Amino acid sequence: MARILTGIQSTGRPHLGNILGAILPAVKMSNDDQNDSFLFIADMHSITQIKNSEELKSNTYAVASAWLAFGLDPTKTVFYRQSDIPECTELAWYLNCFFPYQRLKLSHSFKDKVNRLGDVNSGLFVYPMLMAADILLYDAERVPVGRDQLQHLEMTRDVASRINHKYKDVFIMPEPILQKESMLIPGTDGKKMSKSSNNVIDVFSDVKTLKKVINKNIITDTIPLEKPKNTDTSIVYALYKLLAKPEEAELMASRLKEGGYGWGHAKKELLSLIIERFKEPREKFNYYLDHQDEVDEILSNGAKKARIIASSTLSRVRKKIGL
Ligand code: ATP
Ligand code: MG
């Protein structure tokens, strides 16, 4: 049995790319009885970017509701809010004191953010040590990460081994599980779907909005209705294929290639498929949004379980370093 830990930022409502690329694979992994899984909403990381209390709160509920809607089972996964675990920031402080400033300066993601963001706060700079605390606090053994997070995991291992070297047997060394990048979901403009690119499909939005986004935002070529279409370059077809059964995708491909079947038809099919495929998660998502007290209870039960481990790790660390 391996302890697996995953964090999710609460920077917005999860979109189709987050669902297919992150939520569904993680839920599958956490429902596997071979894994002892921890999943948290990284709301303290989100403060580096979000400075609006209502927005921060509603994002947390939206993210929690999305995970629950897609089958996260809180009896099998320790599901909690990062900010409910004050041990995490305490550990982050200790880690900061053991990690060289010059090393932190090498963070690719910080350099990238300095170039992109207006608000370059110190929290962004020490972010890797808060992430290291998230992981080391729970003795996590395996951490699924995208390639962009690999350096942060190296920093986690680096700070853990510095402390282990000095005080012996303090931390478990976490291993990254590098996630496949083959499954990059395209956005409505054909580039990687992402919150910050304004090209998302929000499968939780109401049918009218969803229809508008599909019809207006998904870019198509101007080949006339009666002419054959190229499925290889079509964003509508790519999205349809990701969600449809193979025989349904083949049927659409052959219709497009024959001609007489336009992008409007394909978009209509895509809309129906999204509504059909996500019927249950859409209902559940709205249910949880309307029952925030239930979500609070789930998250605070998770926090209770998480804190038992967190406080035991922290007292081990305090003792070792002389506090
Ligand atoms: P941002 O624009 O703020 O970076 P994002 O939409 O890229 O937001 P993240 O919060 O960075 O979303 O990512 C959350 C998770 O979803 C990560 O595991 C990431 O790999 C995955 N993910 C994000 N976008 C896609 C996508 N288009 N296809 C597949 N997986 C994705
Ligand atoms: Mg991203």
# chains A, B, ... in the order shown; residues from 1 in each chain; ligands from 1
>>> residues_near_ligand(ligand="ligand 1", cutoff="6 Å", atoms="only C-alpha atoms and all ligand atoms", output="list in words")
Gln9, Gly17, Asn18, Gly21, Ala22, Gly146, Met183, Leu184, Ile185, Pro186, Lys192, Met193, Ser194, Lys195 and Ser196 of chain A
>>> residues_around(residues="A:Thr313", least_positions_apart="4", cutoff="7 Å", atoms="only C-alpha atoms", output="list in words")
Leu137, Ile309 and Val317 of chain A
>>> write_last_selection(atoms="all heavy atoms", output="PDB file, in the first residue's frame")
ATOM      1  N   LEU A 137       4.633  16.550   5.385  1.00  0.00           N
ATOM      2  CA  LEU A 137       3.810  16.489   6.587  1.00  0.00           C
ATOM      3  C   LEU A 137       3.060  15.170   6.709  1.00  0.00           C
ATOM      4  O   LEU A 137       2.756  14.707   7.802  1.00  0.00           O
ATOM      5  CB  LEU A 137       2.816  17.657   6.530  1.00  0.00           C
ATOM      6  CG  LEU A 137       2.059  18.060   7.787  1.00  0.00           C
ATOM      7  CD1 LEU A 137       3.002  18.377   8.932  1.00  0.00           C
ATOM      8  CD2 LEU A 137       1.174  19.266   7.505  1.00  0.00           C
ATOM      9  N   ILE A 309      -2.154  12.790  11.521  1.00  0.00           N
ATOM     10  CA  ILE A 309      -0.831  12.493  10.953  1.00  0.00           C
ATOM     11  C   ILE A 309       0.055  13.737  10.984  1.00  0.00           C
ATOM     12  O   ILE A 309       1.221  13.684  11.360  1.00  0.00           O
ATOM     13  CB  ILE A 309      -0.985  11.953   9.525  1.00  0.00           C
ATOM     14  CG1 ILE A 309      -1.754  10.639   9.597  1.00  0.00           C
ATOM     15  CG2 ILE A 309       0.366  11.737   8.855  1.00  0.00           C
ATOM     16  CD1 ILE A 309      -2.371  10.220   8.323  1.00  0.00           C
ATOM     17  N   VAL A 317       9.329  16.446  14.060  1.00  0.00           N
ATOM     18  CA  VAL A 317      10.257  17.447  13.515  1.00  0.00           C
ATOM     19  C   VAL A 317      10.729  18.404  14.612  1.00  0.00           C
ATOM     20  O   VAL A 317      11.925  18.670  14.753  1.00  0.00           O
ATOM     21  CB  VAL A 317       9.581  18.250  12.364  1.00  0.00           C
ATOM     22  CG1 VAL A 317      10.484  19.378  11.864  1.00  0.00           C
ATOM     23  CG2 VAL A 317       9.213  17.328  11.216  1.00  0.00           C
TER      24      VAL A 317
END
>>> residues_around(residues="A:Arg3", least_positions_apart="3", cutoff="10 Å", atoms="only C-alpha atoms", output="CSV table (one decimal) with N, CA, C and O atoms, in the first residue's frame")
chain,number,residue,atom,x,y,z
A,30,SER,N,-7.5,7.0,-6.5
A,30,SER,CA,-7.8,7.1,-5.0
A,30,SER,C,-8.8,6.0,-4.7
A,30,SER,O,-8.9,5.6,-3.5
A,34,GLN,N,-5.4,-0.4,-3.3
A,34,GLN,CA,-4.0,-0.5,-3.1
A,34,GLN,C,-3.3,0.8,-2.6
A,34,GLN,O,-2.2,0.8,-2.1
A,35,ASN,N,-4.1,1.9,-2.7
A,35,ASN,CA,-3.5,3.2,-2.4
A,35,ASN,C,-4.1,3.8,-1.1
A,35,ASN,O,-5.3,3.6,-0.9
A,36,ASP,N,-3.3,4.5,-0.4
A,36,ASP,CA,-3.8,5.2,0.8
A,36,ASP,C,-3.7,6.6,0.3
A,36,ASP,O,-2.6,7.2,0.2
A,37,SER,N,-4.9,7.2,0.0
A,37,SER,CA,-4.7,8.5,-0.8
A,37,SER,C,-5.2,9.7,0.0
A,37,SER,O,-6.2,9.7,0.7
A,38,PHE,N,-4.5,10.8,-0.2
A,38,PHE,CA,-4.7,12.1,0.4
A,38,PHE,C,-4.9,13.1,-0.7
A,38,PHE,O,-4.1,13.2,-1.7
A,138,TYR,N,2.7,14.6,5.6
A,138,TYR,CA,1.9,13.3,5.6
A,138,TYR,C,2.7,12.1,5.3
A,138,TYR,O,2.1,11.1,5.0
A,139,ASP,N,4.0,12.2,5.3
A,139,ASP,CA,4.9,11.1,4.9
A,139,ASP,C,4.4,10.5,3.6
A,139,ASP,O,4.4,9.2,3.4
A,140,ALA,N,4.1,11.3,2.6
A,140,ALA,CA,3.6,10.8,1.3
A,140,ALA,C,4.8,10.1,0.6
A,140,ALA,O,5.9,10.6,0.6
A,141,GLU,N,4.4,9.0,0.0
A,141,GLU,CA,5.5,8.2,-0.7
A,141,GLU,C,5.5,8.5,-2.2
A,141,GLU,O,6.5,8.5,-2.9
A,142,ARG,N,4.3,8.8,-2.8
A,142,ARG,CA,4.2,9.0,-4.2
A,142,ARG,C,3.3,10.2,-4.5
A,142,ARG,O,2.3,10.4,-3.9
A,143,VAL,N,3.9,11.1,-5.4
A,143,VAL,CA,3.2,12.3,-5.7
A,143,VAL,C,3.0,12.4,-7.2
A,143,VAL,O,4.0,12.7,-7.9
A,174,PRO,N,9.7,11.4,-0.8
A,174,PRO,CA,8.6,11.2,-1.8
A,174,PRO,C,9.1,11.0,-3.2
A,174,PRO,O,10.2,11.6,-3.6
>>> select_by_dssp(residues="stretch 197-298 of chain A", states="helix (DSSP H, G or I)", output="ChimeraX atom specification")
/A:197,207-217,235-243,246-258,263-277,279-290,292-298
>>> residues_around(residues="stretch 267-279 of chain A", least_positions_apart="3", cutoff="8 Å", atoms="only C-alpha atoms", output="compact mmCIF listing (two decimals) with N, CA, C and O atoms, in the first residue's frame")
# COMPACT_ATOMS: atom_id res chain seq x y z
N VAL A 203 -18.16 22.30 -18.15
CA VAL A 203 -19.26 21.32 -18.32
C VAL A 203 -20.32 21.48 -17.24
O VAL A 203 -21.38 20.87 -17.33
N VAL A 207 -27.22 24.73 -19.71
CA VAL A 207 -27.24 24.29 -21.11
C VAL A 207 -27.14 25.48 -22.08
O VAL A 207 -26.43 25.41 -23.09
N LEU A 210 -23.58 26.68 -22.16
CA LEU A 210 -22.75 25.65 -22.79
C LEU A 210 -22.93 25.69 -24.31
O LEU A 210 -21.96 25.65 -25.07
N LYS A 211 -24.17 25.83 -24.72
CA LYS A 211 -24.49 25.88 -26.15
C LYS A 211 -23.82 27.09 -26.80
O LYS A 211 -23.22 26.99 -27.88
N ILE A 214 -20.02 26.54 -27.07
CA ILE A 214 -19.68 25.58 -28.14
C ILE A 214 -19.90 26.24 -29.51
O ILE A 214 -19.03 26.18 -30.38
N ASN A 215 -21.03 26.89 -29.68
CA ASN A 215 -21.33 27.49 -30.99
C ASN A 215 -20.45 28.67 -31.33
O ASN A 215 -19.98 28.80 -32.46
N VAL A 236 -13.66 20.78 -32.94
CA VAL A 236 -14.94 20.17 -32.54
C VAL A 236 -14.81 18.65 -32.56
O VAL A 236 -15.21 17.96 -31.62
N LEU A 239 -12.60 17.25 -29.72
CA LEU A 239 -13.29 17.21 -28.42
C LEU A 239 -14.34 16.10 -28.41
O LEU A 239 -14.49 15.38 -27.43
N TYR A 240 -15.06 15.97 -29.53
CA TYR A 240 -16.09 14.93 -29.62
C TYR A 240 -15.46 13.55 -29.43
O TYR A 240 -15.95 12.71 -28.68
N LEU A 243 -14.66 12.31 -25.96
CA LEU A 243 -15.78 11.97 -25.08
C LEU A 243 -16.65 10.84 -25.61
O LEU A 243 -17.33 10.16 -24.85
N ALA A 244 -16.62 10.64 -26.93
CA ALA A 244 -17.56 9.69 -27.54
C ALA A 244 -17.03 8.26 -27.48
O ALA A 244 -15.85 8.03 -27.25
N TRP A 263 -20.22 21.98 -39.58
CA TRP A 263 -19.70 22.15 -38.22
C TRP A 263 -20.85 22.40 -37.23
O TRP A 263 -20.76 22.04 -36.07
N GLY A 264 -21.92 23.02 -37.72
CA GLY A 264 -23.09 23.26 -36.86
C GLY A 264 -23.67 21.94 -36.37
O GLY A 264 -24.02 21.80 -35.20
N ARG A 282 -23.07 16.71 -13.40
CA ARG A 282 -23.66 18.06 -13.41
C ARG A 282 -24.70 18.20 -12.30
O ARG A 282 -24.75 19.21 -11.61
N GLU A 283 -25.51 17.15 -12.14
CA GLU A 283 -26.52 17.20 -11.07
C GLU A 283 -25.87 17.22 -9.70
O GLU A 283 -26.23 18.00 -8.83
>>> select_by_dssp(residues="stretch 43-270 of chain A", states="strand (DSSP E)", output="NGL selection string")
:A and (77-81 or 142-145 or 175-178)
>>> closest_residue(among="A:Val114, A:Cys88, A:Leu20, A:Val145", to="A:Ile8", atoms="only C-alpha atoms")
A:Val145
>>> closest_residue(among="A:Leu5, A:Arg157, A:Thr11, A:Val78", to="ligand 2", atoms="only C-alpha atoms and all ligand atoms")
A:Thr11
>>> residues_around(residues="A:Tyr261", least_positions_apart="6", cutoff="12 Å", atoms="only C-alpha atoms", output="list in words")
Ile223, Pro224, Leu225, Glu226, Lys227, Pro228, Lys229, Asn230, Leu251, Met252, Ala253, Ser254, Arg255, Lys267, Lys268 and Glu269 of chain A
>>> write_last_selection(atoms="N, CA, C and O atoms", output="mmCIF file, in the first residue's frame")
data_model
loop_
_atom_site.group_PDB
_atom_site.id
_atom_site.type_symbol
_atom_site.label_atom_id
_atom_site.label_comp_id
_atom_site.auth_asym_id
_atom_site.auth_seq_id
_atom_site.Cartn_x
_atom_site.Cartn_y
_atom_site.Cartn_z
ATOM 1 N N ILE A 223 -14.994 25.954 -44.648
ATOM 2 C CA ILE A 223 -15.363 25.057 -45.754
ATOM 3 C C ILE A 223 -16.894 24.926 -45.805
ATOM 4 O O ILE A 223 -17.518 24.693 -44.771
ATOM 5 N N PRO A 224 -17.506 25.109 -47.004
ATOM 6 C CA PRO A 224 -18.971 25.066 -47.098
ATOM 7 C C PRO A 224 -19.552 23.716 -46.669
ATOM 8 O O PRO A 224 -18.871 22.675 -46.778
ATOM 9 N N LEU A 225 -20.787 23.775 -46.203
ATOM 10 C CA LEU A 225 -21.501 22.614 -45.667
ATOM 11 C C LEU A 225 -21.380 21.364 -46.543
ATOM 12 O O LEU A 225 -21.078 20.273 -46.064
ATOM 13 N N GLU A 226 -21.567 21.538 -47.862
ATOM 14 C CA GLU A 226 -21.639 20.354 -48.730
ATOM 15 C C GLU A 226 -20.269 19.702 -48.995
ATOM 16 O O GLU A 226 -20.179 18.562 -49.396
ATOM 17 N N LYS A 227 -19.186 20.442 -48.719
ATOM 18 C CA LYS A 227 -17.835 19.924 -49.011
ATOM 19 C C LYS A 227 -17.327 18.986 -47.907
ATOM 20 O O LYS A 227 -17.688 19.142 -46.739
ATOM 21 N N PRO A 228 -16.425 18.038 -48.277
ATOM 22 C CA PRO A 228 -15.813 17.175 -47.251
ATOM 23 C C PRO A 228 -14.946 17.982 -46.279
ATOM 24 O O PRO A 228 -14.330 18.971 -46.690
ATOM 25 N N LYS A 229 -14.885 17.548 -45.034
ATOM 26 C CA LYS A 229 -14.117 18.285 -44.012
ATOM 27 C C LYS A 229 -12.919 17.452 -43.535
ATOM 28 O O LYS A 229 -12.954 16.221 -43.589
ATOM 29 N N ASN A 230 -11.925 18.187 -43.025
ATOM 30 C CA ASN A 230 -10.729 17.526 -42.503
ATOM 31 C C ASN A 230 -10.879 17.315 -40.989
ATOM 32 O O ASN A 230 -10.909 18.269 -40.220
ATOM 33 N N LEU A 251 -18.449 7.370 -36.736
ATOM 34 C CA LEU A 251 -19.620 7.791 -37.496
ATOM 35 C C LEU A 251 -19.528 9.277 -37.824
ATOM 36 O O LEU A 251 -19.750 9.681 -38.984
ATOM 37 N N MET A 252 -19.149 10.081 -36.840
ATOM 38 C CA MET A 252 -19.037 11.518 -37.108
ATOM 39 C C MET A 252 -17.933 11.784 -38.135
ATOM 40 O O MET A 252 -18.106 12.600 -39.046
ATOM 41 N N ALA A 253 -16.809 11.062 -37.986
ATOM 42 C CA ALA A 253 -15.698 11.265 -38.922
ATOM 43 C C ALA A 253 -16.142 10.972 -40.350
ATOM 44 O O ALA A 253 -15.853 11.742 -41.279
ATOM 45 N N SER A 254 -16.882 9.877 -40.519
ATOM 46 C CA SER A 254 -17.249 9.534 -41.896
ATOM 47 C C SER A 254 -18.261 10.538 -42.454
ATOM 48 O O SER A 254 -18.199 10.892 -43.629
ATOM 49 N N ARG A 255 -19.149 11.042 -41.615
ATOM 50 C CA ARG A 255 -20.096 12.068 -42.082
ATOM 51 C C ARG A 255 -19.364 13.339 -42.497
ATOM 52 O O ARG A 255 -19.673 13.934 -43.528
ATOM 53 N N LYS A 267 -21.281 20.438 -33.835
ATOM 54 C CA LYS A 267 -21.354 21.144 -32.541
ATOM 55 C C LYS A 267 -22.589 20.725 -31.759
ATOM 56 O O LYS A 267 -22.554 20.590 -30.541
ATOM 57 N N LYS A 268 -23.684 20.505 -32.500
ATOM 58 C CA LYS A 268 -24.918 20.075 -31.845
ATOM 59 C C LYS A 268 -24.726 18.697 -31.195
ATOM 60 O O LYS A 268 -25.148 18.452 -30.068
ATOM 61 N N GLU A 269 -24.045 17.825 -31.937
ATOM 62 C CA GLU A 269 -23.745 16.480 -31.404
ATOM 63 C C GLU A 269 -22.853 16.573 -30.170
ATOM 64 O O GLU A 269 -23.033 15.837 -29.201
#
>>> residues_around(residues="A:Ala64", least_positions_apart="2", cutoff="12 Å", atoms="only C-alpha atoms", output="VMD selection string")
chain A and resid 7 to 14 23 39 to 43 57 to 62 66 to 74 79 to 81 284 to 289 291 to 292 294 to 299
>>> residues_around(residues="stretch 92-95 of chain A", least_positions_apart="3", cutoff="7 Å", atoms="only C-alpha atoms", output="JSON, numbers by chain")
{"A": [88, 89, 98, 99, 129, 130, 133, 159]}
>>> write_last_selection(atoms="N, CA and C atoms", output="PDB file, in the first residue's frame")
ATOM      1  N   CYS A  88       0.789  22.772   8.637  1.00  0.00           N
ATOM      2  CA  CYS A  88       1.446  22.879   7.335  1.00  0.00           C
ATOM      3  C   CYS A  88       2.317  24.138   7.241  1.00  0.00           C
ATOM      4  N   THR A  89       1.763  25.274   7.681  1.00  0.00           N
ATOM      5  CA  THR A  89       2.568  26.514   7.599  1.00  0.00           C
ATOM      6  C   THR A  89       3.709  26.496   8.612  1.00  0.00           C
ATOM      7  N   PHE A  98      15.861  25.727   6.291  1.00  0.00           N
ATOM      8  CA  PHE A  98      16.887  24.751   5.908  1.00  0.00           C
ATOM      9  C   PHE A  98      17.200  24.765   4.416  1.00  0.00           C
ATOM     10  N   PHE A  99      16.469  25.584   3.661  1.00  0.00           N
ATOM     11  CA  PHE A  99      16.650  25.536   2.208  1.00  0.00           C
ATOM     12  C   PHE A  99      17.355  26.805   1.736  1.00  0.00           C
ATOM     13  N   MET A 129       8.422  25.696  -0.812  1.00  0.00           N
ATOM     14  CA  MET A 129       8.569  25.146   0.543  1.00  0.00           C
ATOM     15  C   MET A 129       7.208  24.857   1.178  1.00  0.00           C
ATOM     16  N   LEU A 130       6.172  25.606   0.772  1.00  0.00           N
ATOM     17  CA  LEU A 130       4.827  25.278   1.258  1.00  0.00           C
ATOM     18  C   LEU A 130       4.387  23.968   0.611  1.00  0.00           C
ATOM     19  N   ALA A 133       6.093  21.202   2.354  1.00  0.00           N
ATOM     20  CA  ALA A 133       5.431  20.926   3.635  1.00  0.00           C
ATOM     21  C   ALA A 133       4.166  20.099   3.412  1.00  0.00           C
ATOM     22  N   VAL A 159      15.222  19.415   0.258  1.00  0.00           N
ATOM     23  CA  VAL A 159      15.135  19.935   1.631  1.00  0.00           C
ATOM     24  C   VAL A 159      14.970  18.775   2.626  1.00  0.00           C
TER      25      VAL A 159
END
>>> atom_distance(atom1="atom CA of A:Lys76", atom2="atom CA of A:Met155")
29.2 Å
>>> closest_residue(among="A:Val126, A:Ile321, A:Leu117, A:Ile47", to="A:Lys105", atoms="only C-alpha atoms")
A:Val126
>>> closest_residue(among="A:Ser53, A:Asn217, A:Asn121, A:Asn96", to="A:Arg162", atoms="only C-alpha atoms")
A:Asn96
>>> closest_residue(among="A:Ser234, A:Phe125, A:Ile308, A:Asn31", to="A:Lys113", atoms="only C-alpha atoms")
A:Phe125
